[in-house]
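Chemist: Structure file run-v9.cif (mmCIF, C-alpha atoms; chains and numbers go by the auth columns) right here:
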```
data_start
loop_
_atom_site.group_PDB
_atom_site.id
_atom_site.type_symbol
_atom_site.label_atom_id
_atom_site.label_comp_id
_atom_site.label_asym_id
_atom_site.label_seq_id
_atom_site.Cartn_x
_atom_site.Cartn_y
_atom_site.Cartn_z
_atom_site.B_iso_or_equiv
_atom_site.auth_seq_id
_atom_site.auth_asym_id
ATOM 1 C CA GLY A 1 7.661 4.412 -14.028 0.00 1 A
ATOM 2 C CA GLN A 2 4.015 3.483 -14.282 0.00 2 A
ATOM 3 C CA GLN A 3 1.641 5.891 -12.583 0.00 3 A
ATOM 4 C CA LEU A 4 -1.990 5.946 -11.681 0.00 4 A
ATOM 5 C CA ASN A 5 -3.783 9.259 -11.862 0.00 5 A
ATOM 6 C CA GLN A 6 -6.119 9.515 -8.910 0.00 6 A
ATOM 7 C CA SER A 7 -8.618 12.306 -8.457 0.00 7 A
ATOM 8 C CA PRO A 8 -9.644 14.332 -6.714 0.00 8 A
ATOM 9 C CA GLN A 9 -6.619 14.978 -4.504 0.00 9 A
ATOM 10 C CA SER A 10 -8.853 16.062 -1.632 0.00 10 A
ATOM 11 C CA MET A 11 -12.512 16.396 -0.784 0.00 11 A
ATOM 12 C CA PHE A 12 -14.344 18.298 1.928 0.00 12 A
ATOM 13 C CA ILE A 13 -17.910 17.115 2.359 0.00 13 A
ATOM 14 C CA GLN A 14 -20.782 17.212 4.801 0.00 14 A
ATOM 15 C CA GLU A 15 -21.853 14.125 6.703 0.00 15 A
ATOM 16 C CA GLY A 16 -24.491 12.251 4.732 0.00 16 A
ATOM 17 C CA GLU A 17 -23.200 13.246 1.307 0.00 17 A
ATOM 18 C CA ASP A 18 -22.037 10.752 -1.291 0.00 18 A
ATOM 19 C CA VAL A 19 -18.420 10.675 -2.457 0.00 19 A
ATOM 20 C CA SER A 20 -16.860 9.557 -5.704 0.00 20 A
ATOM 21 C CA MET A 21 -13.201 9.195 -6.612 0.00 21 A
ATOM 22 C CA ASN A 22 -11.457 7.546 -9.535 0.00 22 A
ATOM 23 C CA CYS A 23 -8.192 6.351 -10.955 0.00 23 A
ATOM 24 C CA THR A 24 -7.060 6.222 -14.550 0.00 24 A
ATOM 25 C CA SER A 25 -4.027 4.891 -16.319 0.00 25 A
ATOM 26 C CA SER A 26 -2.611 4.605 -19.793 0.00 26 A
ATOM 27 C CA SER A 27 -1.808 0.953 -19.133 0.00 27 A
ATOM 28 C CA ILE A 28 -4.003 -2.091 -18.731 0.00 28 A
ATOM 29 C CA PHE A 29 -4.374 -3.574 -15.265 0.00 29 A
ATOM 30 C CA ASN A 30 -5.624 -7.025 -14.338 0.00 30 A
ATOM 31 C CA THR A 31 -6.420 -6.126 -10.740 0.00 31 A
ATOM 32 C CA TRP A 32 -7.714 -2.962 -9.110 0.00 32 A
ATOM 33 C CA LEU A 33 -7.697 -2.470 -5.368 0.00 33 A
ATOM 34 C CA TRP A 34 -9.014 0.295 -3.143 0.00 34 A
ATOM 35 C CA TYR A 35 -7.458 0.997 0.244 0.00 35 A
ATOM 36 C CA LYS A 36 -8.076 3.383 3.134 0.00 36 A
ATOM 37 C CA GLN A 37 -5.211 4.622 5.277 0.00 37 A
ATOM 38 C CA ASP A 38 -5.579 6.263 8.663 0.00 38 A
ATOM 39 C CA PRO A 39 -2.735 8.430 10.061 0.00 39 A
ATOM 40 C CA GLY A 40 0.184 6.343 11.269 0.00 40 A
ATOM 41 C CA GLU A 41 -1.317 3.098 10.037 0.00 41 A
ATOM 42 C CA GLY A 42 -0.889 0.824 7.065 0.00 42 A
ATOM 43 C CA PRO A 43 -3.479 0.765 4.265 0.00 43 A
ATOM 44 C CA VAL A 44 -6.537 -1.389 4.839 0.00 44 A
ATOM 45 C CA LEU A 45 -8.147 -3.148 1.908 0.00 45 A
ATOM 46 C CA LEU A 46 -11.669 -1.968 1.130 0.00 46 A
ATOM 47 C CA ILE A 47 -12.517 -3.624 -2.170 0.00 47 A
ATOM 48 C CA ALA A 48 -10.667 -5.876 -4.616 0.00 48 A
ATOM 49 C CA LEU A 49 -11.645 -6.104 -8.295 0.00 49 A
ATOM 50 C CA TYR A 50 -10.391 -8.838 -10.606 0.00 50 A
ATOM 51 C CA LYS A 51 -12.552 -8.691 -13.747 0.00 51 A
ATOM 52 C CA ALA A 52 -13.195 -5.932 -16.286 0.00 52 A
ATOM 53 C CA GLY A 53 -16.663 -4.508 -15.712 0.00 53 A
ATOM 54 C CA GLU A 54 -16.892 -5.965 -12.219 0.00 54 A
ATOM 55 C CA LEU A 55 -18.991 -3.940 -9.808 0.00 55 A
ATOM 56 C CA THR A 56 -18.499 -4.796 -6.152 0.00 56 A
ATOM 57 C CA SER A 57 -20.006 -3.409 -2.965 0.00 57 A
ATOM 58 C CA ASN A 58 -18.826 -3.494 0.619 0.00 58 A
ATOM 59 C CA GLY A 59 -21.439 -1.859 2.819 0.00 59 A
ATOM 60 C CA ARG A 60 -21.685 1.788 1.789 0.00 60 A
ATOM 61 C CA LEU A 61 -18.752 1.405 -0.596 0.00 61 A
ATOM 62 C CA THR A 62 -19.048 0.487 -4.241 0.00 62 A
ATOM 63 C CA ALA A 63 -16.208 0.116 -6.714 0.00 63 A
ATOM 64 C CA GLN A 64 -16.014 -0.807 -10.375 0.00 64 A
ATOM 65 C CA PHE A 65 -13.303 -2.196 -12.612 0.00 65 A
ATOM 66 C CA GLY A 66 -13.491 -0.261 -15.872 0.00 66 A
ATOM 67 C CA ILE A 67 -14.334 -2.084 -19.079 0.00 67 A
ATOM 68 C CA THR A 68 -11.141 -0.855 -20.725 0.00 68 A
ATOM 69 C CA ARG A 69 -9.109 -2.142 -17.736 0.00 69 A
ATOM 70 C CA LYS A 70 -7.538 1.297 -17.513 0.00 70 A
ATOM 71 C CA ASP A 71 -9.696 2.853 -14.841 0.00 71 A
ATOM 72 C CA SER A 72 -11.651 2.272 -11.662 0.00 72 A
ATOM 73 C CA PHE A 73 -13.894 4.284 -9.392 0.00 73 A
ATOM 74 C CA LEU A 74 -14.901 4.150 -5.752 0.00 74 A
ATOM 75 C CA ASN A 75 -18.164 5.538 -4.403 0.00 75 A
ATOM 76 C CA ILE A 76 -19.002 6.075 -0.754 0.00 76 A
ATOM 77 C CA SER A 77 -22.644 6.660 0.026 0.00 77 A
ATOM 78 C CA ALA A 78 -24.064 8.520 3.015 0.00 78 A
ATOM 79 C CA SER A 79 -20.666 9.482 4.403 0.00 79 A
ATOM 80 C CA ILE A 80 -20.045 9.472 8.147 0.00 80 A
ATOM 81 C CA PRO A 81 -17.256 11.107 10.191 0.00 81 A
ATOM 82 C CA SER A 82 -15.265 7.867 10.458 0.00 82 A
ATOM 83 C CA ASP A 83 -14.882 7.814 6.668 0.00 83 A
ATOM 84 C CA VAL A 84 -12.184 10.461 7.137 0.00 84 A
ATOM 85 C CA GLY A 85 -8.811 9.312 5.866 0.00 85 A
ATOM 86 C CA ILE A 86 -6.737 8.868 2.747 0.00 86 A
ATOM 87 C CA TYR A 87 -8.071 6.600 0.029 0.00 87 A
ATOM 88 C CA PHE A 88 -5.684 4.969 -2.416 0.00 88 A
ATOM 89 C CA CYS A 89 -6.329 3.071 -5.578 0.00 89 A
ATOM 90 C CA ALA A 90 -3.792 0.445 -6.530 0.00 90 A
ATOM 91 C CA GLY A 91 -3.420 -1.569 -9.667 0.00 91 A
ATOM 92 C CA GLN A 92 -1.508 -4.634 -10.683 0.00 92 A
ATOM 93 C CA LEU A 93 -0.186 -4.807 -14.223 0.00 93 A
ATOM 94 C CA ILE A 94 -0.360 -8.122 -16.031 0.00 94 A
ATOM 95 C CA THR A 95 3.425 -8.095 -16.322 0.00 95 A
ATOM 96 C CA SER A 96 4.234 -6.757 -12.861 0.00 96 A
ATOM 97 C CA TYR A 97 4.770 -10.111 -11.103 0.00 97 A
ATOM 98 C CA GLY A 98 2.582 -9.126 -8.188 0.00 98 A
ATOM 99 C CA LYS A 99 3.841 -5.585 -7.703 0.00 99 A
ATOM 100 C CA LEU A 100 1.260 -2.875 -7.086 0.00 100 A
ATOM 101 C CA THR A 101 1.225 0.656 -8.427 0.00 101 A
ATOM 102 C CA PHE A 102 -0.503 3.202 -6.217 0.00 102 A
ATOM 103 C CA GLY A 103 -2.433 6.334 -7.030 0.00 103 A
ATOM 104 C CA GLN A 104 -1.543 9.598 -5.341 0.00 104 A
ATOM 105 C CA GLY A 105 -4.379 9.287 -2.848 0.00 105 A
ATOM 106 C CA THR A 106 -7.580 11.209 -2.083 0.00 106 A
ATOM 107 C CA ILE A 107 -7.756 12.952 1.276 0.00 107 A
ATOM 108 C CA LEU A 108 -11.334 12.844 2.523 0.00 108 A
ATOM 109 C CA THR A 109 -12.621 15.189 5.213 0.00 109 A
ATOM 110 C CA VAL A 110 -16.164 14.793 6.498 0.00 110 A
ATOM 111 C CA HIS A 111 -17.757 17.624 8.451 0.00 111 A
ATOM 112 C CA PRO A 112 -20.391 16.541 11.006 0.00 112 A
ATOM 113 C CA GLY B 1 -7.770 -14.066 8.353 0.00 1 B
ATOM 114 C CA ALA B 2 -4.975 -12.631 6.179 0.00 2 B
ATOM 115 C CA VAL B 3 -3.152 -10.686 8.869 0.00 3 B
ATOM 116 C CA VAL B 4 0.274 -9.138 8.418 0.00 4 B
ATOM 117 C CA SER B 5 2.064 -8.062 11.563 0.00 5 B
ATOM 118 C CA GLN B 6 4.851 -5.479 11.449 0.00 6 B
ATOM 119 C CA HIS B 7 7.239 -4.666 14.277 0.00 7 B
ATOM 120 C CA PRO B 8 8.280 -2.275 15.682 0.00 8 B
ATOM 121 C CA SER B 9 5.626 0.364 15.080 0.00 9 B
ATOM 122 C CA ARG B 10 8.003 3.167 15.975 0.00 10 B
ATOM 123 C CA VAL B 11 11.755 3.368 16.309 0.00 11 B
ATOM 124 C CA ILE B 12 14.188 6.177 16.942 0.00 12 B
ATOM 125 C CA CYS B 13 17.848 5.544 16.269 0.00 13 B
ATOM 126 C CA LYS B 14 21.074 7.479 16.053 0.00 14 B
ATOM 127 C CA SER B 15 22.798 8.250 12.793 0.00 15 B
ATOM 128 C CA GLY B 16 25.151 5.512 11.746 0.00 16 B
ATOM 129 C CA THR B 17 23.317 2.698 13.498 0.00 17 B
ATOM 130 C CA SER B 18 21.242 -0.056 11.889 0.00 18 B
ATOM 131 C CA VAL B 19 17.592 -0.821 12.417 0.00 19 B
ATOM 132 C CA LYS B 20 15.730 -4.050 11.675 0.00 20 B
ATOM 133 C CA ILE B 21 12.019 -4.122 10.850 0.00 21 B
ATOM 134 C CA GLU B 22 10.094 -7.405 10.881 0.00 22 B
ATOM 135 C CA CYS B 23 7.102 -8.336 8.778 0.00 23 B
ATOM 136 C CA ARG B 24 5.182 -11.520 9.586 0.00 24 B
ATOM 137 C CA SER B 25 2.239 -13.191 7.898 0.00 25 B
ATOM 138 C CA LEU B 26 0.304 -14.581 10.849 0.00 26 B
ATOM 139 C CA ASP B 27 -2.232 -16.941 9.300 0.00 27 B
ATOM 140 C CA PHE B 28 -0.936 -17.686 5.833 0.00 28 B
ATOM 141 C CA GLN B 29 2.294 -18.419 4.056 0.00 29 B
ATOM 142 C CA ALA B 30 3.825 -15.736 1.901 0.00 30 B
ATOM 143 C CA THR B 31 6.508 -16.663 -0.589 0.00 31 B
ATOM 144 C CA THR B 32 6.586 -13.045 -1.663 0.00 32 B
ATOM 145 C CA MET B 33 6.405 -9.914 0.449 0.00 33 B
ATOM 146 C CA PHE B 34 6.779 -6.293 -0.543 0.00 34 B
ATOM 147 C CA TRP B 35 8.412 -3.357 1.189 0.00 35 B
ATOM 148 C CA TYR B 36 7.191 0.199 0.683 0.00 36 B
ATOM 149 C CA ARG B 37 8.313 3.592 1.832 0.00 37 B
ATOM 150 C CA GLN B 38 5.945 6.487 2.385 0.00 38 B
ATOM 151 C CA PHE B 39 6.812 10.130 2.978 0.00 39 B
ATOM 152 C CA PRO B 40 4.326 12.474 4.691 0.00 40 B
ATOM 153 C CA LYS B 41 1.279 13.240 2.577 0.00 41 B
ATOM 154 C CA GLN B 42 2.596 11.110 -0.266 0.00 42 B
ATOM 155 C CA SER B 43 1.699 7.785 -1.762 0.00 43 B
ATOM 156 C CA LEU B 44 3.410 4.457 -1.188 0.00 44 B
ATOM 157 C CA MET B 45 6.541 3.802 -3.191 0.00 45 B
ATOM 158 C CA LEU B 46 7.647 0.218 -3.702 0.00 46 B
ATOM 159 C CA MET B 47 11.211 -0.350 -2.544 0.00 47 B
ATOM 160 C CA ALA B 48 11.717 -4.049 -3.085 0.00 48 B
ATOM 161 C CA THR B 49 10.138 -7.437 -3.548 0.00 49 B
ATOM 162 C CA SER B 50 11.174 -9.986 -0.935 0.00 50 B
ATOM 163 C CA ASN B 51 11.322 -13.592 -2.142 0.00 51 B
ATOM 164 C CA GLU B 52 11.461 -16.522 0.267 0.00 52 B
ATOM 165 C CA GLY B 53 14.707 -18.400 -0.086 0.00 53 B
ATOM 166 C CA SER B 54 16.227 -16.116 -2.691 0.00 54 B
ATOM 167 C CA LYS B 55 17.532 -12.604 -3.165 0.00 55 B
ATOM 168 C CA ALA B 56 15.232 -9.626 -3.010 0.00 56 B
ATOM 169 C CA THR B 57 14.456 -7.629 -6.128 0.00 57 B
ATOM 170 C CA TYR B 58 15.014 -3.921 -5.678 0.00 58 B
ATOM 171 C CA GLU B 59 13.296 -1.100 -7.519 0.00 59 B
ATOM 172 C CA GLN B 60 15.377 1.333 -9.495 0.00 60 B
ATOM 173 C CA GLY B 61 17.110 3.867 -7.283 0.00 61 B
ATOM 174 C CA VAL B 62 16.884 1.812 -4.084 0.00 62 B
ATOM 175 C CA GLU B 63 20.275 1.002 -2.566 0.00 63 B
ATOM 176 C CA LYS B 64 20.385 -2.724 -1.878 0.00 64 B
ATOM 177 C CA ASP B 65 23.369 -2.367 0.439 0.00 65 B
ATOM 178 C CA LYS B 66 21.538 0.163 2.577 0.00 66 B
ATOM 179 C CA PHE B 67 18.199 -1.625 2.699 0.00 67 B
ATOM 180 C CA LEU B 68 18.978 -5.266 3.392 0.00 68 B
ATOM 181 C CA ILE B 69 16.099 -7.670 2.965 0.00 69 B
ATOM 182 C CA ASN B 70 15.991 -11.215 4.274 0.00 70 B
ATOM 183 C CA HIS B 71 13.087 -13.610 3.691 0.00 71 B
ATOM 184 C CA ALA B 72 14.254 -16.719 5.481 0.00 72 B
ATOM 185 C CA SER B 73 10.876 -18.364 6.040 0.00 73 B
ATOM 186 C CA LEU B 74 7.418 -18.424 4.506 0.00 74 B
ATOM 187 C CA THR B 75 6.073 -16.156 7.236 0.00 75 B
ATOM 188 C CA LEU B 76 8.872 -13.683 7.938 0.00 76 B
ATOM 189 C CA SER B 77 10.646 -10.982 5.979 0.00 77 B
ATOM 190 C CA THR B 78 12.973 -8.435 7.529 0.00 78 B
ATOM 191 C CA LEU B 79 14.178 -5.060 6.316 0.00 79 B
ATOM 192 C CA THR B 80 17.393 -3.730 7.831 0.00 80 B
ATOM 193 C CA VAL B 81 18.247 -0.092 7.320 0.00 81 B
ATOM 194 C CA THR B 82 22.016 -0.002 7.612 0.00 82 B
ATOM 195 C CA SER B 83 24.085 3.006 8.641 0.00 83 B
ATOM 196 C CA ALA B 84 20.937 5.051 8.963 0.00 84 B
ATOM 197 C CA HIS B 85 20.941 8.770 8.237 0.00 85 B
ATOM 198 C CA PRO B 86 18.278 11.411 8.911 0.00 86 B
ATOM 199 C CA GLU B 87 17.145 11.257 5.275 0.00 87 B
ATOM 200 C CA ASP B 88 16.187 7.610 5.863 0.00 88 B
ATOM 201 C CA SER B 89 13.524 8.783 8.297 0.00 89 B
ATOM 202 C CA SER B 90 10.217 7.664 6.851 0.00 90 B
ATOM 203 C CA PHE B 91 7.229 5.367 7.218 0.00 91 B
ATOM 204 C CA TYR B 92 8.063 1.831 6.079 0.00 92 B
ATOM 205 C CA ILE B 93 5.264 -0.603 5.290 0.00 93 B
ATOM 206 C CA CYS B 94 5.309 -4.242 4.256 0.00 94 B
ATOM 207 C CA SER B 95 2.657 -6.238 2.476 0.00 95 B
ATOM 208 C CA ALA B 96 1.935 -9.762 1.382 0.00 96 B
ATOM 209 C CA ARG B 97 -0.632 -11.436 -0.818 0.00 97 B
ATOM 210 C CA PRO B 98 -2.761 -14.073 0.863 0.00 98 B
ATOM 211 C CA PRO B 99 -4.748 -16.640 -1.137 0.00 99 B
ATOM 212 C CA ARG B 100 -6.901 -15.073 -3.856 0.00 100 B
ATOM 213 C CA GLY B 101 -9.825 -13.038 -2.637 0.00 101 B
ATOM 214 C CA TYR B 102 -8.076 -10.974 -0.002 0.00 102 B
ATOM 215 C CA GLY B 103 -6.127 -8.547 -2.192 0.00 103 B
ATOM 216 C CA TYR B 104 -2.819 -7.488 -0.702 0.00 104 B
ATOM 217 C CA THR B 105 -2.662 -7.152 3.051 0.00 105 B
ATOM 218 C CA PHE B 106 -0.471 -4.513 4.626 0.00 106 B
ATOM 219 C CA GLY B 107 1.296 -4.330 7.950 0.00 107 B
ATOM 220 C CA SER B 108 0.595 -1.415 10.267 0.00 108 B
ATOM 221 C CA GLY B 109 3.834 0.299 9.301 0.00 109 B
ATOM 222 C CA THR B 110 7.013 1.380 11.092 0.00 110 B
ATOM 223 C CA ARG B 111 7.802 5.016 11.731 0.00 111 B
ATOM 224 C CA LEU B 112 11.594 5.356 11.599 0.00 112 B
ATOM 225 C CA THR B 113 13.194 8.510 12.936 0.00 113 B
ATOM 226 C CA VAL B 114 16.950 8.899 12.625 0.00 114 B
ATOM 227 C CA VAL B 115 18.479 11.558 14.846 0.00 115 B
#
```
Translate the structure of the given file into structure tokens.
Modeler:
Amino acid sequence: GQQLNQSPQSMFIQEGEDVSMNCTSSSIFNTWLWYKQDPGEGPVLLIALYKAGELTSNGRLTAQFGITRKDSFLNISASIPSDVGIYFCAGQLITSYGKLTFGQGTILTVHP
Amino acid sequence: GAVVSQHPSRVICKSGTSVKIECRSLDFQATTMFWYRQFPKQSLMLMATSNEGSKATYEQGVEKDKFLINHASLTLSTLTVTSAHPEDSSFYICSARPPRGYGYTFGSGTRLTVV
């Protein structure tokens, strides 16, 4: 089935550093979403993108919907310890009738 | 707004028994809900799409007779794992799409352990 390639798989950074992760696909998506999941919890929506080229910020987070509609990135600036968790990208295909496809996730560890 | 409540958060059951998981949209109506399964350190895999008032649509490889889905109202979908076996142990998560602008909201998940 359809897959999203998310990278990197994991990141170990120092508090205060910036983080960047991205997702790519061979298919065109009409929606890109970025989620954060803490252990034992459901994913929490960080940013939703609905238009190609759209650049959206949510506090220290910034995400962009790629012009080709086949990719998206998420940046976290000035990381803090509570940013630790797993970050997932998710995309909705035009023909998917609302179903989301998830990336493999990026495990973020922030050292104080 | 846009809250999805999932219950129970954890359940342990014996092999051969059935377990029901509830997913409720608290402040919006959801004609469609989605059920996912997640194994440790893996991504979310869509199991089925739950449609209010009609049959659920299952993804390829998901046994519809084992994972019974009922979406009897605009705010409630249930997933019943029938005749559970240890290999059904997993983290089950539901989601729903509120009005545009909120993305897809997820429940807090249910950790099922079959012993």
Chemist: Any idea which chain B residues end up within 10 Å of chain A if we count all atoms listed in the file, as a count of residues only please?
Modeler: 35
Chemist: In Å, with one decimal, what is the gap from CA of Arg60 in chain A to CA of Glu15 in chain A?
Modeler: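 The value is 13.3 Å.
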Chemist: One decimal, Å: what's the distance from CA of Ile76 in chain A over to CA of Gly16 in chain A, could you say?
Modeler: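 CA of Gly16 in chain A lies 9.9 Å from CA of Ile76 in chain A.
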Chemist: Carefully work through the PyMOL selection byres ((chain A and resi 27) around 9) for this structure and note down the residues it includes, as a PDB file with C-alpha atoms, keeping the file's coordinate frame.
Modeler:
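Saved the output as result.pdb:
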```pdb
ATOM      1  CA  GLN A   2       4.015   3.483 -14.282  1.00  0.00           C
ATOM      2  CA  GLN A   3       1.641   5.891 -12.583  1.00  0.00           C
ATOM      3  CA  LEU A   4      -1.990   5.946 -11.681  1.00  0.00           C
ATOM      4  CA  THR A  24      -7.060   6.222 -14.550  1.00  0.00           C
ATOM      5  CA  SER A  25      -4.027   4.891 -16.319  1.00  0.00           C
ATOM      6  CA  SER A  26      -2.611   4.605 -19.793  1.00  0.00           C
ATOM      7  CA  ILE A  28      -4.003  -2.091 -18.731  1.00  0.00           C
ATOM      8  CA  PHE A  29      -4.374  -3.574 -15.265  1.00  0.00           C
ATOM      9  CA  ARG A  69      -9.109  -2.142 -17.736  1.00  0.00           C
ATOM     10  CA  LYS A  70      -7.538   1.297 -17.513  1.00  0.00           C
ATOM     11  CA  LEU A  93      -0.186  -4.807 -14.223  1.00  0.00           C
TER      12      LEU A  93
END
```
Chemist: Which protein, DNA or RNA residues are at most 6 Å from (8.9, -5.0, 8.5) in the file's coordinates when you count all atoms listed in the file, listed as a ChimeraX atom specification?
Modeler: /B:6,21-23,78-79,94
Chemist: Would you list the contacts of His85 in chain B as a short mmCIF file (atom, residue, chain, number, x, y, z; two decimals) with C-alpha atoms, keeping the file's coordinate frame, taking every protein, DNA or RNA residue within 8 Å and counting only C-alpha atoms, but skipping same-chain residues closer than 4 positions in sequence?
Modeler:
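Listing of selection15.cif after writing:
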```cif
data_model
loop_
_atom_site.label_atom_id
_atom_site.label_comp_id
_atom_site.auth_asym_id
_atom_site.auth_seq_id
_atom_site.Cartn_x
_atom_site.Cartn_y
_atom_site.Cartn_z
CA LYS B 14 21.07 7.48 16.05
CA SER B 15 22.80 8.25 12.79
CA GLY B 16 25.15 5.51 11.75
CA SER B 89 13.52 8.78 8.30
CA VAL B 114 16.95 8.90 12.62
CA VAL B 115 18.48 11.56 14.85
#
```
Chemist: Tell me which residues the PyMOL selection byres ((chain A and resi 67) around 10) grabs here, as a list in words.
Modeler: Lys51, Ala52, Gly53, Glu54, Gln64, Phe65, Gly66, Thr68, Arg69, Lys70, Asp71 and Ser72 of chain A
Chemist: Grab the CA of Glu52 in chain B to CA of Asn30 in chain A distance for me, in Å with one decimal place.
Modeler: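 These atoms are spaced 24.4 Å apart.
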Chemist: How would you write, as a count of residues only, the residues chosen by the PyMOL selection byres ((chain A and resi 61) around 10) on this structure?
Modeler: 18
Chemist: Rank A:Ser10, A:Thr95, A:Thr109, A:Asn22 by their smallest atom-to-atom distance to Ser82 in chain A, using only C-alpha atoms, and report the top residue only.
Modeler: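 Among the listed residues, the smallest separation from Ser82 in chain A belongs to A:Thr109.
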Chemist: As JSON, what would the box around range 77-87 of chain A look like: edges along x, y and z, 4 Å added on every side, centre and edge lengths in Å to one decimal?
Modeler:
```
{"center_x": -15.4, "center_y": 8.9, "center_z": 5.2, "size_x": 25.3, "size_y": 12.5, "size_z": 18.4}
```
Chemist: Kindly indicate which residue among B:Ser25, B:Asn70, B:Thr75, B:Thr82 lies nearest to Ala56 in chain B, using all atoms listed in the file for the distances.
Modeler: B:Asn70
Chemist: Residues around (-15.3, 13.2, 8.9), cut-off 6 Å, counting all atoms listed in the file - what are they as a VMD selection string?
Modeler: chain A and resid 81 to 84 109 to 111
